[in-house]
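Trainee: Compact mmCIF, C-alpha atoms, file entry_2.txt:
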# COMPACT_ATOMS: atom_id res chain seq x y z
CA MET P 1 0.00 0.00 0.00
CA LEU P 2 2.87 2.32 0.87
CA THR P 3 4.42 1.85 -2.55
CA LYS P 4 1.07 2.76 -4.11
CA ILE P 5 1.05 6.00 -2.12
CA PHE P 6 4.61 6.72 -3.19
CA TYR P 7 3.77 6.08 -6.83
CA HIS P 8 0.80 8.40 -6.59
CA PHE P 9 2.74 11.27 -5.06
CA TYR P 10 6.06 10.92 -6.80
CA ASN P 11 4.37 10.50 -10.18
CA TYR P 12 7.17 8.28 -11.43
CA LYS P 13 6.89 5.96 -14.37
CA LYS P 14 6.16 2.41 -13.28
CA SER P 15 9.40 0.49 -13.63
CA ALA P 16 11.13 -2.34 -11.79
CA LEU P 17 13.87 -0.02 -10.49
CA ASN P 18 11.40 2.53 -9.11
CA LEU P 19 9.32 -0.25 -7.57
CA ILE P 20 12.37 -1.68 -5.79
CA SER P 21 13.46 1.77 -4.55
CA PHE P 22 9.95 2.53 -3.28
CA ILE P 23 9.68 -0.84 -1.52
CA LEU P 24 13.08 -0.17 0.08
CA LEU P 25 11.97 3.29 1.20
CA ALA P 26 8.75 1.85 2.60
CA VAL P 27 10.64 -0.91 4.43
CA VAL P 28 13.14 1.59 5.85
CA LEU P 29 10.31 3.81 7.11
CA VAL P 30 8.46 0.89 8.69
CA VAL P 31 11.64 -0.42 10.32
CA LEU P 32 12.51 3.05 11.61
CA GLY P 33 9.00 3.37 12.98
CA LEU P 34 9.32 0.03 14.78
CA ILE P 35 12.76 0.87 16.18
CA SER P 36 11.52 4.21 17.42
CA ASN P 37 8.58 2.47 19.05
CA PHE P 38 10.93 0.38 21.18
CA THR P 39 13.84 2.70 21.80
CA ALA P 40 13.06 6.31 21.09
CA ASN P 41 11.68 8.60 23.68
CA SER P 42 12.46 11.89 22.09
CA ILE P 43 12.96 13.67 18.80
CA SER P 44 16.76 13.24 19.02
CA VAL P 45 16.26 9.91 17.21
CA ILE P 46 15.60 11.86 14.02
CA PHE P 47 19.11 13.31 14.19
CA GLU P 48 20.47 9.84 14.78
CA VAL P 49 18.74 8.75 11.58
CA ILE P 50 20.36 11.56 9.59
CA MET P 51 23.76 10.55 10.94
CA TYR P 52 23.16 6.81 10.58
CA PRO P 53 24.77 6.23 7.13
CA PHE P 54 27.88 8.17 8.14
CA LYS P 55 28.03 6.40 11.49
CA LEU P 56 27.70 2.98 9.84
CA ILE P 57 30.60 3.67 7.46
CA SER P 58 32.81 5.13 10.20
CA ASP P 59 32.10 2.23 12.58
CA LEU P 60 33.04 -0.26 9.87
CA LEU P 61 36.21 1.67 9.06
CA ARG P 62 37.17 1.90 12.75
CA TYR P 63 36.65 -1.84 13.16
CA LEU P 64 38.77 -2.52 10.07
CA SER P 65 41.61 -0.19 11.07
CA LEU P 66 41.82 -1.69 14.54
CA SER P 67 41.96 -5.25 13.18
CA GLY P 68 45.59 -5.03 12.07
CA THR P 69 48.06 -3.49 9.65
CA VAL P 70 46.38 -4.85 6.52
CA GLY P 71 42.98 -3.86 7.83
CA ASN P 72 44.30 -0.40 8.60
CA LEU P 73 45.59 -0.04 5.04
CA ILE P 74 42.32 -1.29 3.54
CA SER P 75 40.29 1.04 5.75
CA LEU P 76 42.49 3.97 4.68
CA ILE P 77 41.91 3.12 1.00
CA ILE P 78 38.14 2.76 1.52
CA PHE P 79 38.09 6.02 3.49
CA GLY P 80 39.86 7.82 0.64
CA LEU P 81 37.60 6.28 -2.00
CA ILE P 82 34.35 7.11 -0.15
CA SER P 83 35.51 10.67 0.52
CA LEU P 84 36.57 11.26 -3.05
CA LEU P 85 33.52 9.51 -4.54
CA PRO P 86 31.65 12.71 -5.55
CA LEU P 87 34.79 14.15 -7.17
CA ILE P 88 35.57 10.87 -8.97
CA LEU P 89 31.96 10.68 -10.25
CA TYR P 90 32.10 14.28 -11.50
CA VAL P 91 35.41 13.75 -13.31
CA TYR P 92 34.13 10.48 -14.81
CA GLN P 93 30.91 12.15 -15.98
CA THR P 94 32.81 15.10 -17.49
CA LEU P 95 35.21 12.80 -19.32
CA LYS P 96 32.34 10.63 -20.56
CA SER P 97 30.20 13.51 -21.82
CA LYS P 98 33.28 15.40 -23.13
CA HIS P 99 31.99 18.65 -21.64
CA ARG P 100 34.30 21.42 -20.46
CA VAL P 101 35.13 21.33 -16.75
CA ASN P 102 32.91 23.77 -14.88
CA ILE P 103 35.08 25.41 -12.23
CA VAL P 104 32.16 26.00 -9.82
CA SER P 105 31.05 22.36 -10.11
CA LEU P 106 34.63 21.21 -9.61
CA VAL P 107 34.99 23.34 -6.47
CA PHE P 108 31.59 22.10 -5.23
CA TYR P 109 32.50 18.43 -5.64
CA LEU P 110 35.87 19.11 -4.04
CA ILE P 111 34.23 20.77 -1.00
CA ILE P 112 31.68 17.95 -0.71
CA SER P 113 34.48 15.36 -0.89
CA ILE P 114 36.44 17.18 1.82
CA LEU P 115 33.31 17.54 4.01
CA ILE P 116 32.43 13.85 3.68
CA GLY P 117 36.04 13.01 4.54
CA VAL P 118 35.97 15.29 7.61
CA ILE P 119 32.59 13.92 8.78
CA ILE P 120 33.69 10.29 8.50
CA TYR P 121 37.08 11.03 10.07
CA TYR P 122 35.39 12.86 12.93
CA LEU P 123 32.94 9.98 13.45
CA ILE P 124 35.80 7.45 13.47
CA ASN P 125 37.48 9.57 16.17
CA PRO P 126 34.60 11.26 18.02
CA GLU P 127 36.87 12.50 20.81
CA LEU P 128 39.20 14.24 18.38
CA ILE P 129 38.39 17.81 19.41
CA THR P 130 37.83 17.12 23.09
CA ARG P 131 40.89 14.89 23.54
CA PRO P 132 43.04 17.59 25.27
CA LEU P 133 40.50 17.48 28.11
CA ASP P 134 41.55 13.89 28.87
CA ASN P 135 44.40 15.28 30.96
CA PHE P 136 41.91 16.85 33.34
CA ASP P 137 39.95 13.94 34.71
CA TYR P 138 38.00 15.97 37.27
CA LEU P 139 36.90 18.40 34.51
CA LYS P 140 36.00 15.54 32.22
CA ASP P 141 33.54 14.14 34.72
CA ILE P 142 31.83 17.48 35.19
CA LEU P 143 31.71 18.29 31.53
CA GLN P 144 30.82 14.78 30.31
CA ILE P 145 27.19 15.59 29.46
CA TYR P 146 28.14 18.86 27.80
CA LEU P 147 30.88 17.16 25.84
CA ASP P 148 28.43 14.60 24.48
CA TYR P 149 26.15 17.38 23.32
CA TYR P 150 29.13 19.27 21.93
CA ARG P 151 30.28 16.25 19.91
CA LYS P 152 26.80 15.59 18.58
CA THR P 153 26.40 19.25 17.64
CA ILE P 154 29.62 19.15 15.65
CA GLN P 155 28.60 15.92 13.90
CA LEU P 156 25.16 17.24 13.03
CA GLY P 157 26.51 20.66 12.12
CA LEU P 158 28.91 19.14 9.61
CA ILE P 159 26.15 17.01 8.06
CA PHE P 160 23.77 19.96 7.84
CA ILE P 161 26.47 22.14 6.26
CA THR P 162 26.96 19.41 3.63
CA LEU P 163 23.20 19.28 2.94
CA ILE P 164 22.96 23.09 2.71
CA ILE P 165 25.88 23.20 0.25
CA VAL P 166 24.16 20.52 -1.91
CA VAL P 167 20.92 22.57 -1.98
CA LEU P 168 22.89 25.76 -2.74
CA TYR P 169 24.68 24.02 -5.59
CA LEU P 170 21.37 22.79 -7.07
CA THR P 171 20.02 26.35 -6.84
CA TYR P 172 23.16 27.68 -8.53
CA ARG P 173 22.81 25.13 -11.36
CA PHE P 174 19.19 26.18 -11.76
CA LEU P 175 20.11 29.88 -11.95
CA VAL P 176 22.91 29.21 -14.44
CA LYS P 177 20.55 27.20 -16.63
CA THR P 178 17.91 29.93 -16.59
CA LYS P 179 20.53 32.56 -17.47
CA GLN P 180 21.36 30.71 -20.67
CA THR P 181 18.97 30.49 -23.64
CA SER P 182 15.23 30.48 -23.05
CA LEU P 183 14.98 26.81 -23.99
CA ASN P 184 17.20 25.90 -21.06
CA LEU P 185 14.68 27.43 -18.68
CA PHE P 186 12.60 24.32 -19.22
CA LYS P 187 15.57 22.03 -18.78
CA ALA P 188 16.46 23.90 -15.59
CA ALA P 189 13.08 22.92 -14.12
CA LYS P 190 14.56 19.43 -13.78
CA TYR P 191 16.87 20.75 -11.06
CA LEU P 192 13.84 22.03 -9.18
CA LEU P 193 12.26 18.60 -9.60
CA VAL P 194 15.17 17.12 -7.62
CA ILE P 195 14.44 19.50 -4.70
CA GLN P 196 10.75 18.68 -5.16
CA ARG P 197 11.33 14.96 -4.73
CA LEU P 198 13.58 15.58 -1.75
CA SER P 199 10.72 17.50 -0.13
CA TYR P 200 8.40 14.54 -0.78
CA THR P 201 10.82 12.25 1.03
CA ILE P 202 11.01 14.68 3.97
CA LEU P 203 7.20 14.80 4.09
CA PHE P 204 7.03 10.98 4.11
CA ILE P 205 9.48 10.91 7.00
CA VAL P 206 7.36 13.52 8.82
CA THR P 207 4.15 11.52 8.22
CA PHE P 208 5.33 8.04 9.06
CA TYR P 209 8.13 8.73 11.48
CA ILE P 210 8.40 12.14 13.15
CA LEU P 211 4.69 12.68 13.90
CA PRO P 212 4.20 9.18 15.40
CA ILE P 213 7.23 9.79 17.68
CA LEU P 214 5.81 13.14 18.79
CA ILE P 215 2.40 11.58 19.44
CA LYS P 216 4.03 8.83 21.45
CA SER P 217 5.98 11.25 23.64
CA GLU P 218 2.84 13.37 24.20
CA VAL P 219 0.80 10.30 25.16
CA LYS P 220 3.56 9.28 27.60
CA GLY P 221 3.39 12.75 29.12
CA ILE P 222 -0.30 12.29 29.91
CA ALA P 223 0.54 9.52 32.37
CA ASP P 224 2.01 12.09 34.78
CA ILE P 225 -1.11 14.25 34.74
CA GLN P 226 -3.29 13.99 37.85
CA HIS P 227 -6.65 15.02 36.42
CA GLY P 228 -8.26 16.00 33.09
CA LYS P 229 -6.74 13.17 31.07
CA GLY P 230 -9.75 12.95 28.77
CA HIS P 231 -9.45 16.63 27.90
CA MET P 232 -5.74 16.29 27.21
CA ILE P 233 -6.36 13.31 24.93
CA PHE P 234 -8.92 15.38 23.03
CA LEU P 235 -6.45 18.29 22.70
CA ILE P 236 -3.69 15.94 21.46
CA PHE P 237 -6.14 14.43 18.98
CA ILE P 238 -7.09 17.89 17.66
CA LYS P 239 -3.45 18.95 17.46
CA TYR P 240 -2.25 15.94 15.50
CA ALA P 241 -5.33 15.78 13.31
CA PHE P 242 -4.40 19.33 12.32
CA TYR P 243 -0.72 18.43 11.80
CA TYR P 244 -1.68 15.49 9.58
CA LEU P 245 -4.10 17.69 7.65
CA ILE P 246 -1.33 20.26 7.05
CA THR P 247 1.07 17.49 5.95
CA TYR P 248 -1.59 16.16 3.56
CA LEU P 249 -2.18 19.65 2.18
CA TRP P 250 1.55 20.05 1.60
CA PHE P 251 1.57 16.73 -0.26
CA LYS P 252 -1.20 18.03 -2.49
CA ILE P 253 0.54 21.39 -3.02
CA LEU P 254 3.82 19.69 -3.89
CA ARG P 255 1.99 17.35 -6.24
CA ASN P 256 0.56 20.35 -8.11
CA ILE P 257 3.93 22.08 -8.22
CA HIS P 258 5.42 18.82 -9.45
CA ASP P 259 2.89 18.74 -12.31
CA LEU P 260 3.69 22.38 -13.13
CA LEU P 261 7.42 21.67 -13.25
CA THR P 262 6.86 18.56 -15.35
CA ASN P 263 4.85 20.68 -17.78
CA TYR P 264 7.70 23.19 -17.96
CA THR P 265 10.25 20.48 -18.66
CA GLN P 266 8.01 19.40 -21.55
CA GLU P 267 7.85 23.05 -22.70
CA ILE P 268 4.12 23.32 -21.95
CA LEU P 269 3.92 26.86 -20.63
CA PHE P 270 0.79 28.84 -21.52
CA GLU P 271 -1.84 26.16 -21.20
CA LYS P 272 -5.14 26.08 -19.37
CA GLU P 273 -3.83 23.12 -17.37
CA ASN P 274 -1.21 25.36 -15.75
CA VAL P 275 -3.82 27.99 -14.88
CA VAL P 276 -5.85 25.30 -13.10
CA LEU P 277 -2.75 24.05 -11.24
CA PHE P 278 -1.90 27.55 -9.98
CA LYS P 279 -5.51 28.04 -8.86
CA LYS P 280 -5.47 24.67 -7.06
CA CYS P 281 -2.29 25.68 -5.18
CA SER P 282 -3.91 28.97 -4.20
CA VAL P 283 -7.02 27.17 -2.89
CA LEU P 284 -4.88 24.66 -0.97
CA PHE P 285 -2.96 27.47 0.74
CA LEU P 286 -6.28 29.11 1.58
CA ILE P 287 -7.51 25.85 3.14
CA ASN P 288 -4.20 25.72 5.03
CA PHE P 289 -4.81 29.27 6.31
CA ILE P 290 -8.42 28.57 7.35
CA ALA P 291 -7.51 25.22 8.94
CA ASN P 292 -4.74 26.88 10.95
CA LEU P 293 -7.07 29.57 12.31
CA THR P 294 -9.83 27.03 13.04
CA TYR P 295 -7.41 24.74 14.86
CA GLN P 296 -6.12 27.59 17.04
CA LEU P 297 -9.67 28.72 17.76
CA ILE P 298 -10.79 25.23 18.83
CA TYR P 299 -7.59 24.53 20.79
CA ASN P 300 -7.71 27.79 22.77
CA ALA P 301 -11.49 27.91 23.20
CA TYR P 302 -11.61 24.33 24.48
CA GLN P 303 -8.95 25.08 27.10
CA LEU P 304 -10.78 28.22 28.21
CA ILE P 305 -14.12 26.43 28.48
CA PHE P 306 -12.68 23.53 30.46
CA LYS P 307 -10.00 25.50 32.35
CA ASN P 308 -11.15 24.05 35.67
CA TYR P 309 -10.51 20.51 34.48
CA ILE P 310 -7.20 20.98 32.66
CA GLN P 311 -3.99 20.94 34.66
CA ASN P 312 -1.64 22.79 32.30
CA ILE P 313 -3.32 25.40 30.15
CA SER P 314 -1.23 26.66 27.24
CA LEU P 315 -2.90 29.37 25.21
CA SER P 316 -1.20 30.63 22.08
CA PHE P 317 -2.05 32.48 18.89
CA ASP P 318 0.02 32.59 15.75
CA PHE P 319 -1.36 34.37 12.71
CA PRO P 320 -0.60 32.19 9.64
CA LEU P 321 0.61 35.09 7.51
CA SER P 322 2.79 32.96 5.23
CA SER P 323 -0.20 30.82 4.14
CA LEU P 324 -2.20 33.95 3.37
CA VAL P 325 0.66 35.51 1.39
CA LEU P 326 1.18 32.27 -0.56
CA THR P 327 -2.57 32.10 -1.30
CA LEU P 328 -2.42 35.57 -2.80
CA VAL P 329 0.83 34.92 -4.66
CA PHE P 330 -0.54 31.76 -6.29
CA TYR P 331 -3.84 33.50 -7.06
CA LEU P 332 -1.96 36.34 -8.78
CA LEU P 333 0.15 33.81 -10.67
CA ALA P 334 -3.04 32.04 -11.78
CA LEU P 335 -4.48 35.36 -13.03
CA TRP P 336 -1.26 36.21 -14.82
CA MET P 337 -1.11 32.74 -16.36
CA HIS P 338 -4.76 33.03 -17.43
CA GLN P 339 -4.11 36.33 -19.23
CA SER P 340 -0.95 34.98 -20.79
CA TYR P 341 -2.90 31.93 -21.94
CA GLU P 342 -5.53 34.15 -23.60
CA ILE P 343 -2.88 36.26 -25.37
CA TYR P 344 -1.05 33.12 -26.41
CA THR P 345 -4.19 31.55 -27.93
CA GLU P 346 -5.02 34.81 -29.70
CA ASN P 347 -1.51 35.00 -31.13
CA LYS P 348 -1.75 31.39 -32.19
CA LEU P 349 -4.98 32.16 -34.09
CA THR P 350 -3.53 35.20 -35.84
CA ILE P 351 -2.77 34.10 -39.36
CA MET B 1 -18.28 37.13 -34.99
CA SER B 2 -19.35 39.61 -37.65
CA ILE B 3 -16.38 39.40 -40.01
CA TYR B 4 -16.35 36.34 -42.24
CA VAL B 5 -13.52 35.08 -44.37
CA ASN B 6 -14.83 34.25 -47.79
CA LEU B 7 -11.92 32.26 -49.14
CA ASP B 8 -13.60 29.12 -50.44
CA GLU B 9 -15.31 30.78 -53.42
CA ILE B 10 -12.21 32.72 -54.49
CA ILE B 11 -10.05 29.60 -54.23
CA LYS B 12 -12.51 27.73 -56.44
CA LYS B 13 -12.55 30.58 -58.96
CA ASN B 14 -8.78 30.63 -59.12
CA ASN B 15 -8.54 26.88 -59.55
CA ILE B 16 -5.89 26.48 -56.89
CA THR B 17 -5.53 23.83 -54.20
CA SER B 18 -5.21 24.62 -50.47
CA LYS B 19 -1.77 23.09 -50.41
CA GLU B 20 -0.50 25.23 -53.26
CA LEU B 21 -2.03 28.39 -51.77
CA ALA B 22 -0.54 27.71 -48.33
CA GLU B 23 2.89 27.20 -49.90
CA LEU B 24 2.61 30.39 -51.94
CA ILE B 25 1.55 32.51 -48.93
CA GLY B 26 4.09 30.90 -46.67
CA ILE B 27 1.75 29.56 -44.00
CA THR B 28 0.93 26.02 -42.98
CA GLU B 29 -2.08 24.16 -44.34
CA ALA B 30 -3.43 23.94 -40.79
CA ASN B 31 -3.38 27.74 -40.46
CA LEU B 32 -5.06 28.15 -43.85
CA SER B 33 -7.73 25.75 -42.68
CA ILE B 34 -8.22 27.90 -39.50
CA LEU B 35 -8.62 30.93 -41.76
CA ARG B 36 -11.08 29.21 -44.10
CA SER B 37 -13.21 27.85 -41.26
CA ASN B 38 -13.51 31.32 -39.66
CA LYS B 39 -11.73 30.21 -36.49
CA ALA B 40 -8.95 32.80 -36.83
CA LYS B 41 -8.94 35.66 -34.30
CA ALA B 42 -7.02 38.05 -36.58
CA ILE B 43 -5.28 38.28 -39.93
CA ARG B 44 -1.94 39.96 -40.57
CA PHE B 45 -1.70 42.64 -43.26
CA SER B 46 1.20 40.72 -44.79
CA THR B 47 -0.98 37.57 -45.11
CA LEU B 48 -3.86 39.59 -46.57
CA ASN B 49 -1.46 41.27 -48.95
CA LYS B 50 -0.17 37.94 -50.25
CA LEU B 51 -3.68 36.49 -50.52
CA CYS B 52 -4.83 39.46 -52.63
CA LYS B 53 -1.74 39.25 -54.81
CA ILE B 54 -2.00 35.51 -55.46
CA LEU B 55 -5.79 35.33 -55.80
CA GLN B 56 -5.94 38.62 -57.72
CA CYS B 57 -8.69 40.16 -55.64
CA GLU B 58 -9.41 43.01 -53.24
CA PRO B 59 -9.40 42.65 -49.41
CA GLY B 60 -13.14 43.26 -49.53
CA ASP B 61 -13.61 40.15 -51.63
CA ILE B 62 -11.96 38.03 -48.95
CA LEU B 63 -13.44 39.66 -45.85
CA LYS B 64 -17.18 40.03 -45.52
CA TYR B 65 -19.14 41.84 -42.82
CA ILE B 66 -22.43 40.27 -41.69
CA ASP B 67 -24.46 41.84 -38.90
CA ASP B 68 -25.12 39.08 -36.36
CA ASN B 69 -28.47 40.64 -35.32
CA GLU B 70 -29.73 40.77 -38.91
CA GLU B 71 -28.72 37.19 -39.41
CA GLY B 72 -30.57 36.25 -36.23
CA GLU B 73 -33.70 38.12 -37.28
CA GLU B 74 -33.63 36.48 -40.72
CA SER B 75 -33.44 33.04 -39.19
CA GLU B 76 -36.29 33.95 -36.80
CA ASP B 77 -38.47 35.06 -39.80
CA GLU B 78 -37.82 31.80 -41.53
Starting from the file, give its structure as structure tokens.
Mentor:
Amino acid sequence: MLTKIFYHFYNYKKSALNLISFILLAVVLVVLGLISNFTANSISVIFEVIMYPFKLISDLLRYLSLSGTVGNLISLIIFGLISLLPLILYVYQTLKSKHRVNIVSLVFYLIISILIGVIIYYLINPELITRPLDNFDYLKDILQIYLDYYRKTIQLGLIFITLIIVVLYLTYRFLVKTKQTSLNLFKAAKYLLVIQRLSYTILFIVTFYILPILIKSEVKGIADIQHGKGHMIFLIFIKYAFYYLITYLWFKILRNIHDLLTNYTQEILFEKENVVLFKKCSVLFLINFIANLTYQLIYNAYQLIFKNYIQNISLSFDFPLSSLVLTLVFYLLALWMHQSYEIYTENKLTI
Amino acid sequence: MSIYVNLDEIIKKNNITSKELAELIGITEANLSILRSNKAKAIRFSTLNKLCKILQCEPGDILKYIDDNEEGEESEDE
């Protein structure tokens, strides 16, 4: 069933390779969900998941290097190869396609290679930066908890920097493509499609992994409450029903944007279909805006009505300005696209 | 629409096929068909110029004005 959902949202062509990748993604999500059910108590598990592939590689390399001289040599070679993999792939691709070397791309792949190298090296030796503190045993005991956080922050920071650089590079490629001839504008949409599919994956992780963890921790928190459990359960239900609704709306919005981008890559620009897609996005953002206000109204009003029965009242109001702005932006884009479509059809029928 | 393109008769008079005419004007057969079936929104002066030159006629022979109301009334009388 999960693969069916993925097919629907990703809008991929049905092929054996895609099917396998979707099944793998589904299995990974289910397994992560199960693991979190047994072990995780907090959101920090999500960060562990981001670090997991790097940690797995570094643990294997550490094990190899400690196994002996030959193992050490092999682990060094593997470490070098994994680190330089992006650069090697870029050089191979450039040689294969016989294109000129793009200096920005070269620098990007070099930086990514170095960052991957640093991350893995740091994960092999997690006490690298804090090692000088080993001489002060009494300090080490006091600072142990802080050091753990400090190490984790560095690990995560490095991984996030890598991800940000990848997104920045994709944006740069997109801008370069749009700066070239008008035809390449359509080809450049493919780069946006990559970001689009990444957002889908993040949304899937939010739906099947992050939200269940949050619900679980909230439900655990109820156990400590003396009275008003029923009210708290209702409030949690309202809260997460709203979160799931927002996630669903984002899926729908991304799906429409995906269709728009696919149309652009096929050079379908001034068509009625695109007008409809822009309008749909506008309506979805409007629903998002209304849902947000309604949720806040219900959540706050319920607490005020039953204030005598609820132990911890938390009132808050946040005006969803971004949803409103996006509604208007997409509505204006739909109007602009509609006018462009009319001019385009008129021009097409001028003989 | 009140302006009608009256190409069919002139083409018949001139004994020329649609394909030949489209080639001579420099437009596609599909666009000529749009013009003949009165689906065109506008006609360029350059196209009209070529049509008149090739078909040896005046713009008034190609374009005809029919009042939509009159046409409606006539059909009601019938």
Trainee: Given all atoms listed in the file as the basis, pick out the residue of B:Leu35, B:Ile3, B:Ile10, B:Leu24 nearest to chain P.
Mentor: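 Ranking B:Leu35, B:Ile3, B:Ile10, B:Leu24 by distance to chain P, first place goes to B:Leu35.
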Trainee: Go through chain B residue by residue and, counting only C-alpha atoms, keep those with an atom at most 7 Å from chain P; for each kept residue give the shortest atom pair and its distance in Å to one decimal, ordered by chain and increasing number, as JSON lines.
Mentor:
{"residue": "B:Asn31", "atom": "CA", "partner": "P:Ile351", "partner_atom": "CA", "distance": 6.5}
{"residue": "B:Ala40", "atom": "CA", "partner": "P:Leu349", "partner_atom": "CA", "distance": 4.9}
{"residue": "B:Lys41", "atom": "CA", "partner": "P:Leu349", "partner_atom": "CA", "distance": 5.3}
{"residue": "B:Ala42", "atom": "CA", "partner": "P:Thr350", "partner_atom": "CA", "distance": 4.6}
{"residue": "B:Ile43", "atom": "CA", "partner": "P:Ile351", "partner_atom": "CA", "distance": 4.9}
{"residue": "B:Arg44", "atom": "CA", "partner": "P:Ile351", "partner_atom": "CA", "distance": 6.0}
{"residue": "B:Thr47", "atom": "CA", "partner": "P:Ile351", "partner_atom": "CA", "distance": 7.0}
Trainee: Suppose you want the space between atom CA of P:Phe174 and atom CA of P:Leu192; what is it in Å?
Mentor: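 Separation between atom CA of P:Phe174 and atom CA of P:Leu192: 7.2 Å.
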Trainee: Please measure the separation of atom CA of B:Ser2 and atom CA of B:Tyr65, giving the value in Å to one decimal.
Mentor: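 That distance, rounded to one decimal, is 5.6 Å.
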Trainee: Any idea what the distance is between atom CA of P:Tyr169 and atom CA of P:Phe204?
Mentor: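 These atoms are spaced 24.0 Å apart.
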Trainee: Please determine the residues with any atom at most 12 Å from (-0.1, 26.5, -48.9) (coordinates as given in the file, with only C-alpha atoms counting) and report them as a PyMOL selection string.
Mentor: chain B and resi 11+16-33+35+47+50-51+54
Trainee: Step by step, gather every atom of stretch 4-14 of chain B that the file lists, find the box along x, y and z that holds them, add 3 Å on each side, and finally give centre and edge lengths in Å to one decimal, as AutoDock Vina command-line options.
Mentor:
--center_x -12.6 --center_y 32.0 --center_z -50.7 --size_x 13.6 --size_y 14.6 --size_z 22.9
Trainee: Write out as a list in words which residues come within 9 Å of P:Asn292 when counting all atoms listed in the file, dropping same-chain ones fewer than 3 positions away.
Mentor: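 Skipping anything fewer than 3 positions along the chain leaves Phe242, Ile246, Ile287, Asn288, Phe289, Tyr295, Gln296, Leu297, Asp318, Phe319 and Pro320 of chain P.
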Trainee: Find the residues with any atom within 12 Å of (12.8, 14.6, -0.6); use all atoms listed in the file and the coordinates as given in the file, and write the answer as a list in words.
Mentor: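 Residues with an atom at most 12 Å from (12.8, 14.6, -0.6): Phe6, Phe9, Tyr10, Leu25, Leu163, Val167, Leu192, Leu193, Val194, Ile195, Gln196, Arg197, Leu198, Ser199, Tyr200, Thr201, Ile202, Leu203, Phe204, Ile205, Val206, Phe251 and Leu254 of chain P.
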Trainee: Could those residues be written to a file, using C-alpha atoms, as a CSV table (one decimal), keeping the file's coordinate frame?
Mentor:
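Result written to result_30.csv:
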chain,number,residue,atom,x,y,z
P,6,PHE,CA,4.6,6.7,-3.2
P,9,PHE,CA,2.7,11.3,-5.1
P,10,TYR,CA,6.1,10.9,-6.8
P,25,LEU,CA,12.0,3.3,1.2
P,163,LEU,CA,23.2,19.3,2.9
P,167,VAL,CA,20.9,22.6,-2.0
P,192,LEU,CA,13.8,22.0,-9.2
P,193,LEU,CA,12.3,18.6,-9.6
P,194,VAL,CA,15.2,17.1,-7.6
P,195,ILE,CA,14.4,19.5,-4.7
P,196,GLN,CA,10.8,18.7,-5.2
P,197,ARG,CA,11.3,15.0,-4.7
P,198,LEU,CA,13.6,15.6,-1.8
P,199,SER,CA,10.7,17.5,-0.1
P,200,TYR,CA,8.4,14.5,-0.8
P,201,THR,CA,10.8,12.2,1.0
P,202,ILE,CA,11.0,14.7,4.0
P,203,LEU,CA,7.2,14.8,4.1
P,204,PHE,CA,7.0,11.0,4.1
P,205,ILE,CA,9.5,10.9,7.0
P,206,VAL,CA,7.4,13.5,8.8
P,251,PHE,CA,1.6,16.7,-0.3
P,254,LEU,CA,3.8,19.7,-3.9
Trainee: With distances taken over all atoms listed in the file, which of P:Tyr243, P:Gly228, P:Val283, P:Glu127 is nearest to P:Asn308?
Mentor: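 Closest to P:Asn308, using all atoms listed in the file: P:Gly228.
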Trainee: Between B:Glu9, B:Asn14, B:Asp68, B:Pro59, which is the closest to B:Ser46 once you count all atoms listed in the file?
Mentor: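 Closest to B:Ser46, using all atoms listed in the file: B:Pro59.
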Trainee: Find the residues around stretch 56-60 of chain P up to 8 Å (only C-alpha atoms counted), leave out those fewer than 3 positions away in its own chain, and share them as a list in words.
Mentor: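 Selected residues are Tyr52, Pro53, Tyr63, Leu64, Ile120, Tyr121, Leu123 and Ile124 of chain P.
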Trainee: Looking at P:Lys279, P:Leu89, P:Tyr122, P:Leu95, which one is nearest to P:Arg62, with distances taken over only C-alpha atoms?
Mentor: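 Of P:Lys279, P:Leu89, P:Tyr122, P:Leu95, the one nearest P:Arg62, counting only C-alpha atoms, is P:Tyr122.
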Trainee: So which one's closest to P:Val107, P:Tyr90, P:Tyr244, P:Tyr299, P:Tyr309? Using all atoms listed in the file, please.
Mentor: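 Nearest to P:Val107: P:Tyr90.
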